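Note: the block below is my_file30.txt and it holds compact mmCIF, C-alpha atoms and all ligand atoms.
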```txt
# COMPACT_ATOMS: atom_id res chain seq x y z
CA MET Q 7 38.34 13.13 -16.53
CA ASP Q 8 37.18 16.39 -14.99
CA ILE Q 9 38.16 16.00 -11.35
CA GLU Q 10 36.65 19.30 -10.27
CA TRP Q 11 33.30 18.36 -11.81
CA SER Q 12 33.40 14.93 -10.11
CA ARG Q 13 34.25 16.57 -6.79
CA ARG Q 14 31.36 19.01 -7.10
CA ARG Q 15 28.96 16.22 -8.05
CA PHE Q 16 30.12 14.17 -5.04
CA LEU Q 17 29.66 17.11 -2.68
CA ALA Q 18 26.19 17.81 -4.08
CA ALA Q 19 25.16 14.16 -3.58
CA ALA Q 20 26.57 14.15 -0.05
CA ALA Q 21 24.71 17.37 0.77
CA ALA Q 22 21.46 15.91 -0.57
CA THR Q 23 21.87 12.75 1.53
CA THR Q 24 22.70 14.77 4.64
CA SER Q 25 19.65 16.93 4.07
CA ILE Q 26 17.40 13.85 3.86
CA LEU Q 27 18.91 12.41 7.05
CA LEU Q 28 18.54 15.72 8.88
CA ASP Q 29 14.96 16.22 7.75
CA HIS Q 30 13.92 12.71 8.76
CA PRO Q 31 16.44 11.54 11.36
CA MET Q 32 14.02 9.16 13.11
CA GLN Q 33 12.78 7.54 9.90
CA ALA Q 34 16.30 7.16 8.60
CA GLN Q 35 17.25 5.13 11.67
CA THR Q 36 14.11 3.21 12.62
CA GLU Q 37 12.74 2.21 9.20
CA GLU Q 38 15.69 -0.14 8.73
CA THR Q 39 14.35 -2.88 11.00
CA SER Q 40 11.07 -4.75 10.51
CA PRO Q 41 8.15 -3.52 12.64
CA ALA Q 42 7.65 -5.73 15.72
CA THR Q 43 3.85 -5.53 15.96
CA PRO Q 44 0.82 -5.12 13.67
CA GLN Q 45 0.25 -1.63 15.11
CA GLU Q 46 3.86 -0.61 14.40
CA ALA Q 47 3.49 -1.92 10.84
CA LEU Q 48 0.32 0.13 10.36
CA ASP Q 49 1.98 3.21 11.87
CA ARG Q 50 4.91 2.85 9.48
CA LEU Q 51 2.59 2.77 6.47
CA MET Q 52 0.67 5.81 7.70
CA ARG Q 53 3.91 7.74 8.33
CA GLY Q 54 4.91 6.94 4.76
CA ASN Q 55 1.59 8.23 3.48
CA ALA Q 56 1.99 11.41 5.52
CA ARG Q 57 5.33 12.02 3.76
CA PHE Q 58 3.79 11.24 0.36
CA ALA Q 59 0.85 13.60 0.93
CA VAL Q 60 3.25 16.52 1.41
CA ASP Q 61 5.54 15.48 -1.48
CA GLN Q 62 8.43 14.53 0.81
CA ILE Q 63 9.00 10.88 0.01
CA THR Q 64 12.26 9.38 1.26
CA SER Q 65 12.11 5.88 -0.27
CA ILE Q 66 13.22 7.25 -3.62
CA ALA Q 67 16.60 8.15 -2.09
CA GLN Q 68 17.32 4.53 -1.11
CA ASP Q 69 19.82 2.52 -3.08
CA LEU Q 70 17.74 0.45 -5.50
CA LYS Q 71 20.72 -1.59 -6.67
CA LEU Q 72 21.51 -2.62 -3.10
CA LEU Q 73 17.84 -3.34 -2.33
CA LYS Q 74 17.57 -5.56 -5.41
CA GLU Q 75 20.71 -7.46 -4.38
CA HIS Q 76 19.42 -7.96 -0.83
CA THR Q 77 16.05 -9.28 -1.97
CA VAL Q 78 17.14 -11.72 -4.68
CA GLU Q 79 16.78 -14.82 -2.49
CA LYS Q 80 13.88 -13.82 -0.25
CA GLN Q 81 11.27 -11.20 0.54
CA GLU Q 82 10.14 -10.08 3.98
CA PRO Q 83 7.40 -7.50 3.39
CA PHE Q 84 5.86 -6.11 6.59
CA ALA Q 85 2.55 -5.16 4.98
CA ALA Q 86 0.08 -6.34 2.34
CA VAL Q 87 -2.30 -4.10 0.43
CA LEU Q 88 -5.29 -4.92 -1.74
CA SER Q 89 -6.01 -1.90 -3.89
CA CYS Q 90 -7.82 -1.00 -7.09
CA ALA Q 91 -5.94 -1.36 -10.37
CA ASP Q 92 -6.51 2.36 -11.03
CA SER Q 93 -3.37 4.10 -12.36
CA ARG Q 94 -3.78 6.87 -9.80
CA VAL Q 95 -3.15 4.47 -6.90
CA PRO Q 96 0.56 3.49 -7.06
CA VAL Q 97 0.65 1.66 -3.74
CA GLU Q 98 4.38 1.77 -2.95
CA LEU Q 99 4.54 5.50 -3.73
CA VAL Q 100 1.39 6.25 -1.74
CA PHE Q 101 2.96 4.67 1.36
CA ASP Q 102 6.52 5.82 0.53
CA GLN Q 103 7.91 2.29 0.59
CA THR Q 104 10.46 0.63 -1.65
CA ILE Q 105 11.48 -2.84 -2.88
CA GLY Q 106 10.61 -5.69 -0.52
CA HIS Q 107 8.32 -3.77 1.85
CA ILE Q 108 4.74 -4.20 0.62
CA PHE Q 109 3.05 -7.26 -0.88
CA VAL Q 110 0.53 -5.76 -3.30
CA THR Q 111 -2.53 -7.29 -4.97
CA ARG Q 112 -4.53 -5.09 -7.30
CA VAL Q 113 -7.80 -5.62 -9.11
CA ALA Q 114 -10.45 -3.19 -10.33
CA GLY Q 115 -12.72 -2.30 -7.40
CA ASN Q 116 -10.33 -3.93 -4.85
CA ILE Q 117 -12.61 -6.92 -4.57
CA ILE Q 118 -11.98 -10.31 -2.99
CA ASN Q 119 -11.99 -13.48 -5.07
CA SER Q 120 -10.32 -16.86 -4.57
CA GLU Q 121 -7.06 -15.84 -6.22
CA ILE Q 122 -6.81 -12.60 -4.24
CA ILE Q 123 -7.59 -14.41 -0.98
CA GLY Q 124 -4.98 -17.05 -1.81
CA SER Q 125 -2.37 -14.38 -2.54
CA LEU Q 126 -3.06 -12.51 0.70
CA GLU Q 127 -3.09 -15.75 2.71
CA TYR Q 128 0.37 -16.46 1.28
CA ALA Q 129 1.51 -12.97 2.31
CA ALA Q 130 0.33 -13.51 5.89
CA ALA Q 131 1.05 -17.21 6.49
CA VAL Q 132 4.29 -17.62 4.56
CA LEU Q 133 5.81 -14.14 4.32
CA GLY Q 134 4.55 -12.97 7.71
CA VAL Q 135 3.08 -9.56 6.90
CA LYS Q 136 1.72 -7.93 10.06
CA VAL Q 137 -0.85 -5.61 8.55
CA LEU Q 138 -3.20 -5.97 5.61
CA ILE Q 139 -5.00 -2.97 4.15
CA VAL Q 140 -7.95 -3.10 1.75
CA MET Q 141 -7.90 0.31 0.09
CA GLY Q 142 -10.62 1.90 -1.99
CA HIS Q 143 -10.12 5.29 -3.63
CA SER Q 144 -11.99 8.41 -4.71
CA ASN Q 145 -13.51 8.54 -8.22
CA CYS Q 146 -13.28 4.76 -8.63
CA GLY Q 147 -14.48 3.77 -12.11
CA ALA Q 148 -15.40 0.23 -11.05
CA VAL Q 149 -17.62 1.43 -8.18
CA SER Q 150 -19.11 4.12 -10.41
CA ALA Q 151 -19.98 1.55 -13.09
CA ALA Q 152 -21.49 -0.81 -10.53
CA LEU Q 153 -23.60 2.06 -9.12
CA SER Q 154 -24.97 2.97 -12.55
CA LYS Q 155 -25.40 -0.68 -13.57
CA LYS Q 156 -24.62 0.26 -17.16
CA PRO Q 157 -24.34 -2.62 -19.63
CA VAL Q 158 -20.64 -3.25 -20.30
CA PRO Q 159 -18.82 -5.41 -22.87
CA GLY Q 160 -16.75 -8.53 -22.33
CA GLN Q 161 -16.20 -9.68 -18.76
CA ILE Q 162 -16.22 -6.24 -17.15
CA ALA Q 163 -19.61 -7.09 -15.61
CA SER Q 164 -17.96 -9.95 -13.69
CA LEU Q 165 -16.92 -7.26 -11.18
CA TYR Q 166 -20.52 -6.24 -10.48
CA PRO Q 167 -21.64 -9.10 -8.19
CA HIS Q 168 -18.65 -8.44 -5.90
CA LEU Q 169 -19.52 -4.74 -5.67
CA GLU Q 170 -23.30 -5.25 -5.39
CA PRO Q 171 -23.52 -5.38 -1.56
CA ALA Q 172 -21.67 -2.04 -1.29
CA VAL Q 173 -23.69 -0.20 -3.94
CA ALA Q 174 -27.07 -1.76 -3.09
CA ASP Q 175 -28.39 1.05 -0.90
CA ALA Q 176 -25.78 3.73 -1.51
CA GLY Q 177 -28.07 5.71 -3.81
CA ASN Q 178 -25.79 7.64 -6.14
CA ASP Q 179 -23.19 8.34 -3.48
CA ILE Q 180 -19.91 7.00 -4.83
CA VAL Q 181 -17.96 7.94 -1.68
CA VAL Q 182 -20.35 6.01 0.57
CA ALA Q 183 -20.31 3.01 -1.80
CA THR Q 184 -16.49 3.01 -2.10
CA ARG Q 185 -15.92 3.25 1.65
CA ARG Q 186 -18.52 0.56 2.30
CA ASN Q 187 -16.92 -1.70 -0.30
CA ALA Q 188 -13.47 -1.42 1.30
CA LYS Q 189 -14.97 -2.29 4.70
CA LEU Q 190 -17.03 -5.17 3.34
CA GLN Q 191 -14.07 -6.71 1.52
CA ALA Q 192 -11.84 -6.29 4.60
CA ASN Q 193 -14.49 -7.94 6.80
CA LEU Q 194 -14.88 -10.77 4.33
CA LEU Q 195 -11.15 -11.43 4.47
CA ALA Q 196 -11.00 -11.24 8.25
CA LYS Q 197 -14.02 -13.49 8.83
CA THR Q 198 -13.99 -16.05 6.03
CA SER Q 199 -10.32 -16.84 5.41
CA THR Q 200 -9.35 -19.87 7.48
CA VAL Q 201 -5.74 -18.66 7.33
CA LEU Q 202 -6.25 -14.96 8.13
CA ALA Q 203 -9.01 -15.21 10.77
CA PRO Q 204 -6.89 -17.09 13.36
CA LEU Q 205 -3.95 -14.71 12.82
CA VAL Q 206 -6.28 -11.77 13.52
CA ARG Q 207 -7.70 -13.48 16.63
CA GLU Q 208 -4.20 -14.13 17.95
CA GLY Q 209 -3.20 -10.49 17.45
CA ARG Q 210 -0.52 -11.38 14.90
CA LEU Q 211 -2.25 -9.65 11.99
CA LYS Q 212 -4.26 -6.46 11.68
CA ILE Q 213 -6.74 -6.08 8.80
CA GLU Q 214 -7.84 -2.53 8.05
CA ALA Q 215 -10.07 -0.85 5.47
CA ALA Q 216 -8.90 2.47 4.05
CA TYR Q 217 -9.89 5.19 1.62
CA TYR Q 218 -7.38 6.95 -0.62
CA ASP Q 219 -8.11 10.45 -1.89
CA VAL Q 220 -6.50 10.78 -5.33
CA GLY Q 221 -6.64 14.58 -5.02
CA THR Q 222 -4.91 15.08 -1.67
CA GLY Q 223 -2.81 11.91 -1.65
CA LYS Q 224 -4.08 11.10 1.85
CA VAL Q 225 -5.06 7.64 3.10
CA THR Q 226 -7.80 7.55 5.75
CA LEU Q 227 -8.43 4.44 7.84
CA LEU Q 228 -12.13 3.53 7.98
ZN ZN U 1 -10.89 2.08 -8.78
```

Before we go any further, please render this structure as structure tokens.
Ligand SMILES: [Zn+2]
Amino acid sequence: MDIEWSRRRFLAAAAATTSILLDHPMQAQTEETSPATPQEALDRLMRGNARFAVDQITSIAQDLKLLKEHTVEKQEPFAAVLSCADSRVPVELVFDQTIGHIFVTRVAGNIINSEIIGSLEYAAAVLGVKVLIVMGHSNCGAVSAALSKKPVPGQIASLYPHLEPAVADAGNDIVVATRRNAKLQANLLAKTSTVLAPLVREGRLKIEAAYYDVGTGKVTLL
């Protein structure tokens, strides 16, 4: 075994870890514990997105083997996200979070249906997430298709009725339609779910709509 090579590799790894801790001393300490309030949970997600937007993610440096071991028996995510299925919206990366932190549901057009509502109700009532974000994104194919009302094969058109209220008077403006859709779906969740609505009223859960720009990597709350 090449001891010198092993020593150099160890020193390089230690230097990299130290650099991460020095660059983000606050994150390194505070992100260990679960956020105490819905606002803190939201702030943590937005801090993660700020890191992602400048290509300085820290979650990748965490020990995945250890995280897997710690989450075998249970999960305690602090946030839930409903996003589009689009390949350009990798939710954990976008918020710089790792295993066990975000409960994610994804469907084209980030729309609400019974199964999505049920999943998010489980996240809030059973797992105790403190913030729930409905996130649309720029250049969304589902919203674009619903705007153009093009005939589509198979069951793709089953998405249209869910997107109809958002595209109805948006003209050809895909940004307006996408933002409106995220807000409408978030409002639907907050008002109609018999599980989520009381949690929101009691201040135990925050539901937010957001817009993700696939070009800049930035998430904007709506
Ligand atoms: Zn999309």

Requested in this report: Step by step, measure atom-to-atom distances between ligand ZN 1 (chain U) and each residue using all atoms listed in the file, keep those at most 8 Å, then write them as a list in words.
Outcome: Ser89, Cys90, Ala91, Asp92, Ala114, Gly115, Asn116, Gly142, His143, Ser144, Asn145, Cys146, Gly147, Ala148 and Val149 of chain Q

Quick one: write out the picked residues with C-alpha atoms as a tab-separated table (two decimals), keeping the file's coordinate frame?
```tsv
chain	number	residue	atom	x	y	z
Q	89	SER	CA	-6.01	-1.90	-3.89
Q	90	CYS	CA	-7.82	-1.00	-7.09
Q	91	ALA	CA	-5.94	-1.36	-10.37
Q	92	ASP	CA	-6.51	2.36	-11.03
Q	114	ALA	CA	-10.45	-3.19	-10.33
Q	115	GLY	CA	-12.72	-2.30	-7.40
Q	116	ASN	CA	-10.33	-3.93	-4.85
Q	142	GLY	CA	-10.62	1.90	-1.99
Q	143	HIS	CA	-10.12	5.29	-3.63
Q	144	SER	CA	-11.99	8.41	-4.71
Q	145	ASN	CA	-13.51	8.54	-8.22
Q	146	CYS	CA	-13.28	4.76	-8.63
Q	147	GLY	CA	-14.48	3.77	-12.11
Q	148	ALA	CA	-15.40	0.23	-11.05
Q	149	VAL	CA	-17.62	1.43	-8.18
```

Report task. Compile the contact shell of Glu127 (chain Q) as a list in words: residues with an atom at most 9 Å away, counting all atoms listed in the file, same-chain residues fewer than 5 positions apart removed. Result -> Ile122, Val132, Ser199, Thr200, Val201 and Leu202 of chain Q

Requested in this report: Would you kindly return, as a ChimeraX atom specification, each protein, DNA or RNA residue with an atom no farther than 6 Å from any atom of Phe101 (chain Q), considering only C-alpha atoms and excluding same-chain residues fewer than 6 positions away?
Outcome: /Q:51,54-55

Query raised in the report: Which of these, Q:Ala59, Q:Leu138, Q:Ile105, Q:Ala196, has the shortest distance to Leu73 (chain Q) once you count only C-alpha atoms?
Result: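 When distances to Leu73 (chain Q) are compared using only C-alpha atoms, the smallest one comes from Q:Ile105.
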
Grab all the atoms of region 48-55 of chain Q that the file lists, wrap them in a box along x, y and z, add 4 Å per side, and give me centre plus edge lengths in Å (one decimal) as AutoDock Vina command-line options.
```
--center_x 2.6 --center_y 4.2 --center_z 7.7 --size_x 12.6 --size_y 16.1 --size_z 16.4
```

Query - Long-range neighbours of region 152-154 of chain Q as a list in words, 7 Å cut-off, only C-alpha atoms, 4 positions minimum in chain - result: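 With the cut-off at 7 Å, the set is Ala148, Tyr166, Leu169, Val173 and Asn178 of chain Q.
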
**Report entry** Selected residue, from Q:Thr104, Q:Thr77, Q:Thr226, Q:Ser120, that lies nearest to Met141 (chain Q) when counting all atoms listed in the file
**Finding:**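 The answer is Q:Thr226, which sits nearest to Met141 (chain Q).
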
Output as CSV one row per residue of region 56-123 of chain Q within 8 Å of region 220-225 of chain Q: the closest atom pair and its distance in Å to one decimal place, counting all atoms listed in the file, sorted by chain and residue number ascending.
```
residue,atom,partner,partner_atom,distance
Q:Ala56,CA,Q:Lys224,CA,7.1
Q:Phe58,CA,Q:Gly223,CA,6.9
Q:Ala59,CA,Q:Gly223,CA,4.8
Q:Arg94,CA,Q:Val220,CA,6.5
Q:Val95,CA,Q:Val220,CA,7.3
Q:Val100,CA,Q:Gly223,CA,7.0
```

Find the spatial neighbours of Ala47 (chain Q), counting all atoms listed in the file, within a cut-off of 7 Å - ignore same-chain residues fewer than 3 positions away - and output them as an mmCIF file with C-alpha atoms, in the frame of the given file.
```
data_model
loop_
_atom_site.group_PDB
_atom_site.id
_atom_site.type_symbol
_atom_site.label_atom_id
_atom_site.label_comp_id
_atom_site.auth_asym_id
_atom_site.auth_seq_id
_atom_site.Cartn_x
_atom_site.Cartn_y
_atom_site.Cartn_z
ATOM 1 C CA PRO Q 41 8.150 -3.520 12.640
ATOM 2 C CA THR Q 43 3.850 -5.530 15.960
ATOM 3 C CA PRO Q 44 0.820 -5.120 13.670
ATOM 4 C CA ARG Q 50 4.910 2.850 9.480
ATOM 5 C CA LEU Q 51 2.590 2.770 6.470
ATOM 6 C CA PHE Q 84 5.860 -6.110 6.590
ATOM 7 C CA ALA Q 85 2.550 -5.160 4.980
ATOM 8 C CA LYS Q 136 1.720 -7.930 10.060
ATOM 9 C CA VAL Q 137 -0.850 -5.610 8.550
#
```

Query - Å distance separating CA of Lys212 (chain Q) from CA of Leu165 (chain Q), one decimal place - result: 26.1 Å

Query - For CA of Ile139 (chain Q) and CA of Ala163 (chain Q), the interatomic separation in Å (one decimal) - result: 24.9 Å

Query raised in the report: Please, what distance in Å, to one decimal, runs between CA of Lys197 (chain Q) and CA of Leu48 (chain Q)?
Result: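 Calculated distance between CA of Lys197 (chain Q) and CA of Leu48 (chain Q) is 19.8 Å.
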
Query raised in the report: Using only C-alpha atoms, which of Q:Ser93, Q:Ala151, Q:Val135, Q:Asn119 sits nearest Gln81 (chain Q)?
Result: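 Closest to Gln81 (chain Q), using only C-alpha atoms: Q:Val135.
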
Query raised in the report: Restricting the calculation to all atoms listed in the file, which member of Q:Val97, Q:Ala129, Q:Ser150, Q:Lys80 is positioned closest to Val182 (chain Q)?
Result: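 Checking each candidate against Val182 (chain Q), we get Q:Ser150 as the closest.
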
Report task. Point out the residue among Q:Ala130, Q:Gly106, Q:Ala42, Q:Ala183 with the least atom-to-atom distance to Glu79 (chain Q), counting only C-alpha atoms. Result ->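 Using only C-alpha atoms, Glu79 (chain Q) sits closest to Q:Gly106.
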
Write only all heavy atoms for region 193-205 of chain Q from the block just shown, as a compact mmCIF listing (two decimals), in the first residue's frame.
```txt
# COMPACT_ATOMS: atom_id res chain seq x y z
N ASN Q 193 -53.39 27.65 -3.33
CA ASN Q 193 -54.62 28.09 -2.66
C ASN Q 193 -55.61 26.95 -2.50
O ASN Q 193 -56.27 26.82 -1.47
CB ASN Q 193 -55.29 29.22 -3.46
CG ASN Q 193 -54.68 30.56 -3.13
OD1 ASN Q 193 -54.05 30.71 -2.08
ND2 ASN Q 193 -54.84 31.53 -4.03
N LEU Q 194 -55.71 26.13 -3.55
CA LEU Q 194 -56.60 24.98 -3.49
C LEU Q 194 -56.23 24.07 -2.32
O LEU Q 194 -57.09 23.63 -1.55
CB LEU Q 194 -56.50 24.17 -4.79
CG LEU Q 194 -57.48 24.46 -5.92
CD1 LEU Q 194 -57.13 23.62 -7.14
CD2 LEU Q 194 -58.91 24.19 -5.46
N LEU Q 195 -54.93 23.80 -2.20
CA LEU Q 195 -54.46 22.96 -1.11
C LEU Q 195 -54.79 23.58 0.25
O LEU Q 195 -55.33 22.91 1.14
CB LEU Q 195 -52.93 22.80 -1.19
CG LEU Q 195 -52.36 21.69 -2.04
CD1 LEU Q 195 -50.85 21.78 -2.04
CD2 LEU Q 195 -52.81 20.33 -1.53
N ALA Q 196 -54.49 24.85 0.38
CA ALA Q 196 -54.66 25.54 1.66
C ALA Q 196 -56.13 25.63 2.07
O ALA Q 196 -56.46 25.57 3.26
CB ALA Q 196 -54.04 26.93 1.60
N LYS Q 197 -57.02 25.79 1.08
CA LYS Q 197 -58.43 26.03 1.40
C LYS Q 197 -59.25 24.75 1.46
O LYS Q 197 -60.18 24.64 2.25
CB LYS Q 197 -59.04 26.97 0.35
CG LYS Q 197 -58.32 28.30 0.24
CD LYS Q 197 -59.21 29.43 0.76
CE LYS Q 197 -58.39 30.67 1.08
NZ LYS Q 197 -57.80 31.29 -0.11
N THR Q 198 -58.95 23.80 0.56
CA THR Q 198 -59.88 22.66 0.43
C THR Q 198 -59.46 21.42 1.22
O THR Q 198 -60.30 20.57 1.49
CB THR Q 198 -60.07 22.26 -1.05
OG1 THR Q 198 -58.80 21.83 -1.56
CG2 THR Q 198 -60.58 23.42 -1.88
N SER Q 199 -58.19 21.28 1.56
CA SER Q 199 -57.79 20.08 2.29
C SER Q 199 -58.21 20.20 3.75
O SER Q 199 -57.82 21.13 4.46
CB SER Q 199 -56.26 19.89 2.22
OG SER Q 199 -55.87 19.00 3.25
N THR Q 200 -59.00 19.23 4.21
CA THR Q 200 -59.48 19.28 5.60
C THR Q 200 -58.35 18.97 6.58
O THR Q 200 -58.50 19.16 7.78
CB THR Q 200 -60.61 18.25 5.82
OG1 THR Q 200 -60.14 16.96 5.40
CG2 THR Q 200 -61.85 18.62 5.00
N VAL Q 201 -57.24 18.47 6.06
CA VAL Q 201 -56.08 18.20 6.92
C VAL Q 201 -55.15 19.42 6.96
O VAL Q 201 -54.68 19.84 8.02
CB VAL Q 201 -55.30 16.97 6.41
CG1 VAL Q 201 -53.98 16.81 7.15
CG2 VAL Q 201 -56.15 15.72 6.56
N LEU Q 202 -54.90 20.00 5.77
CA LEU Q 202 -53.93 21.10 5.69
C LEU Q 202 -54.50 22.43 6.21
O LEU Q 202 -53.79 23.19 6.88
CB LEU Q 202 -53.45 21.27 4.24
CG LEU Q 202 -52.80 20.04 3.60
CD1 LEU Q 202 -52.39 20.33 2.17
CD2 LEU Q 202 -51.59 19.57 4.41
N ALA Q 203 -55.76 22.71 5.87
CA ALA Q 203 -56.35 24.02 6.24
C ALA Q 203 -56.24 24.31 7.74
O ALA Q 203 -55.80 25.41 8.11
CB ALA Q 203 -57.81 24.08 5.76
N PRO Q 204 -56.62 23.37 8.63
CA PRO Q 204 -56.49 23.69 10.06
C PRO Q 204 -55.04 23.91 10.49
O PRO Q 204 -54.78 24.78 11.34
CB PRO Q 204 -57.05 22.44 10.76
CG PRO Q 204 -57.68 21.60 9.71
CD PRO Q 204 -57.23 22.07 8.38
N LEU Q 205 -54.10 23.16 9.89
CA LEU Q 205 -52.69 23.33 10.26
C LEU Q 205 -52.22 24.73 9.88
O LEU Q 205 -51.45 25.38 10.62
CB LEU Q 205 -51.82 22.28 9.55
CG LEU Q 205 -52.00 20.83 10.01
CD1 LEU Q 205 -51.19 19.89 9.12
CD2 LEU Q 205 -51.57 20.67 11.46
```
